[in-house]
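Below: structure_35.cif (mmCIF, C-alpha atoms)
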data_run
#
loop_
_atom_site.label_atom_id
_atom_site.label_comp_id
_atom_site.auth_asym_id
_atom_site.auth_seq_id
_atom_site.Cartn_x
_atom_site.Cartn_y
_atom_site.Cartn_z
CA MET R 58 108.62 -133.68 117.62
CA CYS R 59 110.46 -135.02 114.61
CA GLU R 60 109.90 -133.74 111.08
CA THR R 61 111.32 -135.65 108.14
CA MET R 62 111.62 -135.50 104.38
CA GLN R 63 112.89 -138.12 101.93
CA LEU R 64 113.96 -137.62 98.36
CA GLN R 65 115.40 -140.01 95.77
CA VAL R 66 117.02 -138.79 92.56
CA ASP R 67 118.86 -140.39 89.68
CA SER R 68 122.64 -140.16 89.76
CA ASP R 69 122.71 -137.22 87.34
CA SER R 70 124.53 -133.94 87.87
CA ARG R 71 121.46 -132.04 86.68
CA ASN R 72 119.75 -133.15 89.89
CA ILE R 73 122.29 -131.57 92.25
CA SER R 74 120.76 -128.11 91.96
CA PHE R 75 117.30 -129.59 92.50
CA VAL R 76 118.42 -131.34 95.70
CA ARG R 77 119.95 -128.09 97.00
CA ALA R 78 116.67 -126.28 96.45
CA VAL R 79 114.55 -128.99 98.10
CA VAL R 80 116.76 -129.23 101.21
CA ALA R 81 116.83 -125.45 101.56
CA ALA R 82 113.04 -125.28 101.20
CA PHE R 83 112.59 -127.97 103.88
CA PHE R 84 114.84 -126.23 106.41
CA SER R 85 113.43 -122.77 105.75
CA ARG R 86 110.71 -123.43 108.38
CA LEU R 87 113.47 -122.92 111.00
CA ASP R 88 113.90 -119.35 109.72
CA PRO R 89 117.64 -119.68 109.10
CA THR R 90 119.80 -116.81 107.92
CA VAL R 91 120.72 -116.68 104.24
CA GLU R 92 124.25 -117.67 105.19
CA GLU R 93 123.12 -120.69 107.23
CA LEU R 94 121.00 -121.91 104.35
CA GLU R 95 123.82 -121.40 101.84
CA ASP R 96 126.14 -123.35 104.14
CA VAL R 97 123.76 -126.31 104.17
CA LYS R 98 123.18 -126.09 100.41
CA THR R 99 126.91 -126.10 99.73
CA ALA R 100 127.61 -129.05 102.02
CA VAL R 101 124.72 -131.06 100.57
CA SER R 102 125.90 -130.21 97.05
CA GLU R 103 129.32 -131.65 97.90
CA ALA R 104 127.89 -134.88 99.28
CA VAL R 105 125.49 -135.44 96.39
CA THR R 106 128.26 -134.69 93.89
CA ASN R 107 130.47 -137.28 95.60
CA ALA R 108 127.70 -139.88 95.38
CA ILE R 109 127.37 -139.29 91.63
CA ILE R 110 131.06 -138.92 90.71
CA HIS R 111 132.64 -141.40 93.11
CA GLY R 112 129.83 -143.62 94.31
CA TYR R 113 128.48 -144.33 90.86
CA GLY R 114 131.44 -143.18 88.73
CA ASN R 115 129.05 -140.92 86.80
CA GLY R 116 127.02 -143.99 85.92
CA PRO R 117 123.41 -144.84 86.74
CA GLY R 118 122.23 -145.19 90.30
CA VAL R 119 119.99 -143.73 92.97
CA VAL R 120 120.95 -141.07 95.47
CA GLU R 121 118.74 -140.78 98.52
CA ILE R 122 118.50 -137.70 100.70
CA LYS R 123 116.79 -137.75 104.09
CA CYS R 124 116.34 -134.61 106.16
CA THR R 125 115.30 -134.56 109.80
CA ILE R 126 114.41 -131.73 112.15
CA ILE R 127 114.22 -132.24 115.91
CA GLY R 128 113.83 -128.93 117.67
CA LYS R 129 116.62 -126.79 116.33
CA GLU R 130 118.83 -129.73 115.34
CA THR R 131 118.90 -130.76 111.70
CA SER R 132 120.36 -133.84 110.11
CA THR R 133 120.77 -134.49 106.39
CA MET R 134 121.73 -137.94 105.22
CA ILE R 135 122.98 -138.51 101.68
CA GLN R 136 123.18 -142.16 100.72
CA ASP R 137 124.29 -144.10 97.65
CA TRP R 138 124.58 -147.81 96.91
CA GLY R 139 127.72 -147.44 94.83
CA VAL R 140 131.34 -148.53 95.15
CA GLY R 141 131.86 -147.36 98.72
CA ILE R 142 135.03 -145.98 100.31
CA ALA R 143 137.83 -148.35 101.34
CA ASP R 144 139.69 -145.81 103.48
CA VAL R 145 137.33 -143.12 104.81
CA LYS R 146 140.09 -141.32 106.72
CA LYS R 147 142.17 -140.95 103.56
CA ALA R 148 139.15 -139.90 101.50
CA MET R 149 138.44 -137.11 103.97
CA GLU R 150 141.98 -135.73 103.86
CA PRO R 151 141.99 -132.18 102.44
CA LEU R 152 142.98 -132.07 98.77
CA TYR R 153 142.82 -135.86 98.39
CA THR R 154 140.78 -137.02 95.42
CA GLY R 155 140.01 -140.54 94.30
CA ARG R 156 139.72 -139.28 90.73
CA PRO R 157 142.90 -137.35 89.86
CA ASP R 158 142.00 -137.87 86.19
CA LEU R 159 139.10 -135.45 86.60
CA GLU R 160 139.12 -131.72 87.37
CA ARG R 161 138.55 -132.17 91.09
CA SER R 162 139.76 -129.98 93.93
CA GLY R 163 139.68 -132.67 96.58
CA MET R 164 137.96 -130.17 98.87
CA GLY R 165 134.49 -131.71 99.05
CA PHE R 166 134.79 -133.10 102.57
CA SER R 167 136.69 -130.01 103.75
CA PHE R 168 133.79 -127.85 102.63
CA MET R 169 131.29 -130.15 104.35
CA GLU R 170 133.29 -129.92 107.59
CA ALA R 171 133.65 -126.15 107.30
CA PHE R 172 129.94 -125.52 106.76
CA MET R 173 128.29 -128.12 108.99
CA ASP R 174 128.54 -128.75 112.73
CA THR R 175 129.08 -132.48 112.29
CA VAL R 176 130.03 -134.77 109.40
CA CYS R 177 129.76 -138.51 109.77
CA VAL R 178 130.69 -140.98 107.03
CA GLU R 179 129.71 -144.64 107.00
CA SER R 180 130.83 -146.74 104.08
CA THR R 181 131.30 -150.33 103.00
CA PRO R 182 133.26 -151.06 99.81
CA GLY R 183 130.95 -152.61 97.24
CA ARG R 184 127.83 -151.68 99.22
CA GLY R 185 127.68 -147.89 99.30
CA THR R 186 128.17 -144.79 101.40
CA LYS R 187 126.18 -142.71 103.87
CA VAL R 188 127.15 -139.15 104.71
CA ILE R 189 125.32 -137.58 107.63
CA LEU R 190 125.54 -133.83 107.98
CA GLY R 191 124.41 -132.18 111.21
CA LYS R 192 123.70 -128.54 111.84
CA ILE R 193 121.97 -126.67 114.64
CA PHE R 194 119.99 -123.61 113.70
CA PRO R 195 119.75 -121.19 116.64
CA ASP R 196 116.27 -120.49 117.98
CA VAL R 197 114.29 -117.89 116.10
CA ALA R 198 113.27 -116.33 119.42
CA GLU R 199 116.89 -116.28 120.57
CA GLY R 200 117.90 -114.56 117.37
CA TRP R 201 115.32 -111.81 117.90
CA LYS R 202 116.35 -111.33 121.56
CA GLN R 203 119.99 -110.98 120.54
CA ALA R 204 119.16 -108.55 117.76
CA ALA R 205 116.99 -106.47 120.11
CA ALA R 206 119.64 -106.51 122.85
CA SER R 207 122.33 -105.28 120.50
CA ALA R 208 119.99 -102.53 119.29
CA GLY R 209 119.79 -101.34 122.91
CA GLU R 210 116.14 -102.24 123.46
CA ARG R 211 114.94 -103.84 126.70
CA VAL R 212 113.41 -107.28 126.18
CA MET H 159 117.98 -120.64 85.99
CA LYS H 160 120.43 -119.79 83.24
CA THR H 161 122.94 -122.56 82.83
CA GLU H 162 124.77 -121.37 79.75
CA SER H 163 128.07 -119.55 79.90
CA ALA H 164 129.20 -116.96 77.37
CA TYR H 165 132.46 -115.26 76.64
CA GLN H 166 133.89 -112.15 75.09
CA CYS H 167 137.34 -111.70 73.58
CA VAL H 168 138.92 -108.31 74.26
CA GLY H 169 142.36 -108.08 72.77
CA GLU H 170 144.76 -110.26 74.71
CA TYR H 171 142.27 -111.34 77.35
CA VAL H 172 139.07 -113.35 77.26
CA ARG H 173 136.23 -112.60 79.65
CA ILE H 174 134.19 -115.64 80.48
CA TYR H 175 130.76 -114.96 81.97
CA LEU H 176 129.98 -117.69 84.47
CA PRO H 177 126.43 -119.02 84.94
CA SER H 178 124.25 -118.48 88.02
CA GLU H 179 125.28 -121.83 89.48
CA VAL H 180 128.83 -123.12 89.17
CA ASP H 181 128.67 -126.79 90.19
CA GLU H 182 129.37 -130.26 88.85
CA ASN H 183 126.68 -129.84 86.22
CA SER H 184 127.84 -126.54 84.73
CA CYS H 185 131.62 -126.92 85.10
CA PRO H 186 132.27 -129.18 82.09
CA GLN H 187 130.81 -126.59 79.72
CA ILE H 188 132.75 -123.77 81.39
CA SER H 189 135.96 -125.80 81.03
CA HIS H 190 135.22 -126.47 77.39
CA ILE H 191 134.65 -122.77 76.67
CA ALA H 192 137.79 -121.75 78.57
CA ARG H 193 139.92 -124.28 76.68
CA GLU H 194 138.52 -123.12 73.32
CA CYS H 195 139.24 -119.49 74.26
CA MET H 196 142.84 -120.27 75.17
CA LYS H 197 143.36 -121.78 71.72
CA LYS H 198 142.57 -118.44 70.09
CA GLN H 199 145.63 -116.63 68.90
CA GLY H 200 147.14 -114.03 71.17
CA VAL H 201 145.08 -114.85 74.26
CA GLU H 202 147.24 -114.60 77.37
CA GLN H 203 144.75 -113.92 80.11
CA LEU H 204 141.45 -115.33 81.28
CA VAL H 205 139.02 -113.24 83.26
CA PHE H 206 136.23 -115.17 84.96
CA ASP H 207 133.23 -112.91 85.52
CA PHE H 208 131.08 -114.03 88.47
CA SER H 209 128.53 -111.18 88.22
CA ASN H 210 125.70 -113.64 87.54
CA THR H 211 126.89 -116.31 89.94
CA VAL H 212 124.91 -116.90 93.10
CA PHE H 213 126.18 -120.40 93.95
CA MET H 214 129.52 -122.16 93.69
CA ASP H 215 130.85 -125.32 95.35
CA SER H 216 134.16 -127.16 95.21
CA ALA H 217 133.47 -128.36 91.66
CA GLY H 218 134.01 -124.73 90.64
CA ILE H 219 137.28 -124.66 92.58
CA GLY H 220 138.43 -127.80 90.76
CA MET H 221 137.56 -126.20 87.43
CA LEU H 222 139.50 -123.03 88.30
CA LEU H 223 142.54 -125.01 89.43
CA ALA H 224 142.54 -127.05 86.23
CA ARG H 225 142.42 -123.84 84.18
CA TYR H 226 145.25 -122.40 86.27
CA LYS H 227 147.46 -125.38 85.46
CA GLU H 228 146.75 -125.05 81.74
CA VAL H 229 147.11 -121.27 81.59
CA SER H 230 150.30 -121.23 83.66
CA PHE H 231 151.83 -123.75 81.29
CA GLU H 232 151.25 -121.22 78.49
CA LYS H 233 152.66 -118.45 80.74
CA GLY H 234 149.22 -116.84 81.03
CA LYS H 235 147.27 -115.41 83.95
CA ILE H 236 143.77 -115.70 85.38
CA PHE H 237 141.77 -112.96 87.07
CA LEU H 238 138.41 -113.03 88.84
CA THR H 239 135.78 -110.30 88.79
CA GLY H 240 132.21 -109.63 89.91
CA GLU H 241 132.19 -112.05 92.86
CA ASN H 242 129.45 -111.60 95.44
CA GLU H 243 130.11 -112.04 99.15
CA ARG H 244 129.29 -115.75 99.20
CA VAL H 245 131.39 -116.65 96.16
CA SER H 246 134.22 -114.54 97.53
CA ARG H 247 134.09 -116.48 100.80
CA ILE H 248 134.35 -119.80 98.95
CA LEU H 249 137.31 -118.53 96.91
CA LYS H 250 139.05 -117.19 100.00
CA MET H 251 138.50 -120.44 101.94
CA SER H 252 140.05 -122.53 99.22
CA GLY H 253 143.06 -120.24 98.77
CA ILE H 254 142.21 -119.45 95.16
CA TYR H 255 142.87 -115.71 95.60
CA THR H 256 146.54 -116.47 96.30
CA ILE H 257 146.96 -117.57 92.69
CA MET H 258 144.08 -115.81 90.91
CA PRO H 259 143.56 -112.25 92.09
CA HIS H 260 140.34 -110.29 92.09
CA ILE H 261 140.27 -107.54 89.48
CA HIS H 262 137.89 -104.67 88.97
CA ILE H 263 137.22 -104.47 85.28
#
Kindly present the structure from the file in structure tokens form.
Amino acid sequence: MCETMQLQVDSDSRNISFVRAVVAAFFSRLDPTVEELEDVKTAVSEAVTNAIIHGYGNGPGVVEIKCTIIGKETSTMIQDWGVGIADVKKAMEPLYTGRPDLERSGMGFSFMEAFMDTVCVESTPGRGTKVILGKIFPDVAEGWKQAAASAGERV
Amino acid sequence: MKTESAYQCVGEYVRIYLPSEVDENSCPQISHIARECMKKQGVEQLVFDFSNTVFMDSAGIGMLLARYKEVSFEKGKIFLTGENERVSRILKMSGIYTIMPHIHI
């Protein structure tokens, strides 16, 4: 069974926190740990920030977020219809930033890769960019079994 | 959620209290406050206080690195205090602790 959620926000940095909260609330039905949820929130924050700063150059636009749950697999897609990325491989290099004039660390994609199981980027210059972040949340039942086993109880 | 940052000047160092979320939205104001603080006479050190901070992403790292460049140019130093486990993990991952140490103050 597939569960989905779609959200569209204006390209405005005030909306980044809102998107983090909505995505976290949607995935909370999988009973993730605090750390797992923070990981997803951080990665999503990076992707949405990129859409606003780079995709739309801090100008007007729409950022769309789509979340999907199939079993214990989650997928979060962040899409913009902005300038797009000419060289995705270069953009994803650690410490590379397309805006050296701003106070950027160039670590956005590195953080996404560190916190998610999979990161997929599709982009066409002049058309926009899609970032798809995948993460598997271990079974709730599995988590309880493991916790019980390590506490020495028989399951 | 509180989004405003405040600061306190104590002799030669300035303690900047960071907001609950340090991201692309809150960083410009933090940068502005830090730059204004550095202009004050006699300030050599910045202390960023994360006691209220529950979230930080790479925008915060970018802000810290920019401050480091500016402060180093003036021969100053930056210290970090009050980080929770999550914020500490982010700082460790990005290598920030190698240039801005944690301080208990």
For the provided coordinates, the residues matched by the PyMOL selection byres ((chain H) within 6 of (chain R)) should be stated as a tab-separated table (two decimals) with C-alpha atoms, in the coordinates of the input.
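This went into expr26.tsv:
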chain	number	residue	atom	x	y	z
H	183	ASN	CA	126.68	-129.84	86.22
H	215	ASP	CA	130.85	-125.32	95.35
H	216	SER	CA	134.16	-127.16	95.21
H	220	GLY	CA	138.43	-127.80	90.76
H	221	MET	CA	137.56	-126.20	87.43
H	224	ALA	CA	142.54	-127.05	86.23
Query raised in the report: Could you write out as a PyMOL selection string the residues that the PyMOL selection byres ((chain R and resi 133) around 12) matches in the shown file?
Result: chain R and resi 60-64+76-77+79-81+83-84+97-98+100-102+104-105+121-127+130-132+134-136+169+173-178+187-193
Report task. Tell me, as JSON, numbers by chain, which residues lie within 9 Å of Ala143 in chain R, counting all atoms listed in the file; anything in the same chain fewer than 3 positions away does not count. Result -> {"R": [140, 147, 148, 180, 181, 182]}
Requested in this report: Apply the PyMOL selection byres ((chain H and resi 257) around 10) to the file shown and report the selected residues as a PyMOL selection string.
Outcome: chain H and resi 223+226+235-237+253-256+258-260
Requested in this report: Kindly give the distance, in Å, that separates CA of Val212 in chain H and CA of Ala82 in chain R, rounded to a single decimal.
Outcome: 16.6 Å
Just the residues within 10 Å of range 167-179 of chain H, please, counting all atoms listed in the file, with nothing from its chain fewer than 4 positions along; format it as a PDB file with C-alpha atoms, keeping the file's coordinate frame.
ATOM      1  CA  SER R  74     120.760-128.110  91.960  1.00  0.00           C
TER       2      SER R  74
ATOM      3  CA  MET H 159     117.980-120.640  85.990  1.00  0.00           C
ATOM      4  CA  LYS H 160     120.430-119.790  83.240  1.00  0.00           C
ATOM      5  CA  THR H 161     122.940-122.560  82.830  1.00  0.00           C
ATOM      6  CA  GLU H 162     124.770-121.370  79.750  1.00  0.00           C
ATOM      7  CA  SER H 163     128.070-119.550  79.900  1.00  0.00           C
ATOM      8  CA  ASN H 183     126.680-129.840  86.220  1.00  0.00           C
ATOM      9  CA  SER H 184     127.840-126.540  84.730  1.00  0.00           C
ATOM     10  CA  CYS H 185     131.620-126.920  85.100  1.00  0.00           C
ATOM     11  CA  ILE H 188     132.750-123.770  81.390  1.00  0.00           C
ATOM     12  CA  ILE H 191     134.650-122.770  76.670  1.00  0.00           C
ATOM     13  CA  ALA H 192     137.790-121.750  78.570  1.00  0.00           C
ATOM     14  CA  CYS H 195     139.240-119.490  74.260  1.00  0.00           C
ATOM     15  CA  MET H 196     142.840-120.270  75.170  1.00  0.00           C
ATOM     16  CA  LYS H 198     142.570-118.440  70.090  1.00  0.00           C
ATOM     17  CA  GLN H 199     145.630-116.630  68.900  1.00  0.00           C
ATOM     18  CA  GLY H 200     147.140-114.030  71.170  1.00  0.00           C
ATOM     19  CA  VAL H 201     145.080-114.850  74.260  1.00  0.00           C
ATOM     20  CA  GLU H 202     147.240-114.600  77.370  1.00  0.00           C
ATOM     21  CA  GLN H 203     144.750-113.920  80.110  1.00  0.00           C
ATOM     22  CA  LEU H 204     141.450-115.330  81.280  1.00  0.00           C
ATOM     23  CA  VAL H 205     139.020-113.240  83.260  1.00  0.00           C
ATOM     24  CA  PHE H 206     136.230-115.170  84.960  1.00  0.00           C
ATOM     25  CA  ASP H 207     133.230-112.910  85.520  1.00  0.00           C
ATOM     26  CA  PHE H 208     131.080-114.030  88.470  1.00  0.00           C
ATOM     27  CA  SER H 209     128.530-111.180  88.220  1.00  0.00           C
ATOM     28  CA  ASN H 210     125.700-113.640  87.540  1.00  0.00           C
ATOM     29  CA  THR H 211     126.890-116.310  89.940  1.00  0.00           C
ATOM     30  CA  VAL H 212     124.910-116.900  93.100  1.00  0.00           C
ATOM     31  CA  PHE H 213     126.180-120.400  93.950  1.00  0.00           C
ATOM     32  CA  MET H 214     129.520-122.160  93.690  1.00  0.00           C
ATOM     33  CA  ASP H 215     130.850-125.320  95.350  1.00  0.00           C
ATOM     34  CA  GLY H 218     134.010-124.730  90.640  1.00  0.00           C
ATOM     35  CA  GLY H 234     149.220-116.840  81.030  1.00  0.00           C
ATOM     36  CA  LYS H 235     147.270-115.410  83.950  1.00  0.00           C
ATOM     37  CA  ILE H 236     143.770-115.700  85.380  1.00  0.00           C
ATOM     38  CA  PHE H 237     141.770-112.960  87.070  1.00  0.00           C
ATOM     39  CA  LEU H 238     138.410-113.030  88.840  1.00  0.00           C
ATOM     40  CA  THR H 239     135.780-110.300  88.790  1.00  0.00           C
ATOM     41  CA  GLY H 240     132.210-109.630  89.910  1.00  0.00           C
ATOM     42  CA  ILE H 263     137.220-104.470  85.280  1.00  0.00           C
TER      43      ILE H 263
END
Requested in this report: Provide the CA of Phe172 in chain R to CA of Leu87 in chain R distance in Å, to one decimal place.
Outcome: 17.2 Å
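Minimum atom-to-atom distances from R:Glu150, R:Glu179, R:Asp137, R:Glu93 to Phe194 in chain R were compared using only C-alpha atoms, and the lowest value belongs to R:Glu93.
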Output as lines of an AutoDock Vina configuration file the centre and edge lengths (Å, one decimal) of the box along x, y and z of the file that holds every listed atom of range 163-180 of chain H after adding 3 Å on each side.
center_x = 134.5
center_y = -115.6
center_z = 81.1
size_x = 26.5
size_y = 21.0
size_z = 22.7
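The space between CA of Ser189 in chain H and CA of Leu222 in chain H spans 8.5 Å.
Nearest to Gln65 in chain R of all the residues R:Gly118, R:Gly139, R:Gly128, R:Pro195 is R:Gly118, based on all atoms listed in the file.
Compared by their closest atoms to Ala217 in chain H, and using all atoms listed in the file, the residues R:Thr154, R:Thr90, R:Ser207, R:Thr186 rank with R:Thr154 nearest.
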Requested in this report: Rank nothing, just name the residue among R:Ala108, R:Cys59, R:Leu94, R:Ala206 nearest to Glu182 in chain H, using all atoms listed in the file.
Outcome: R:Ala108
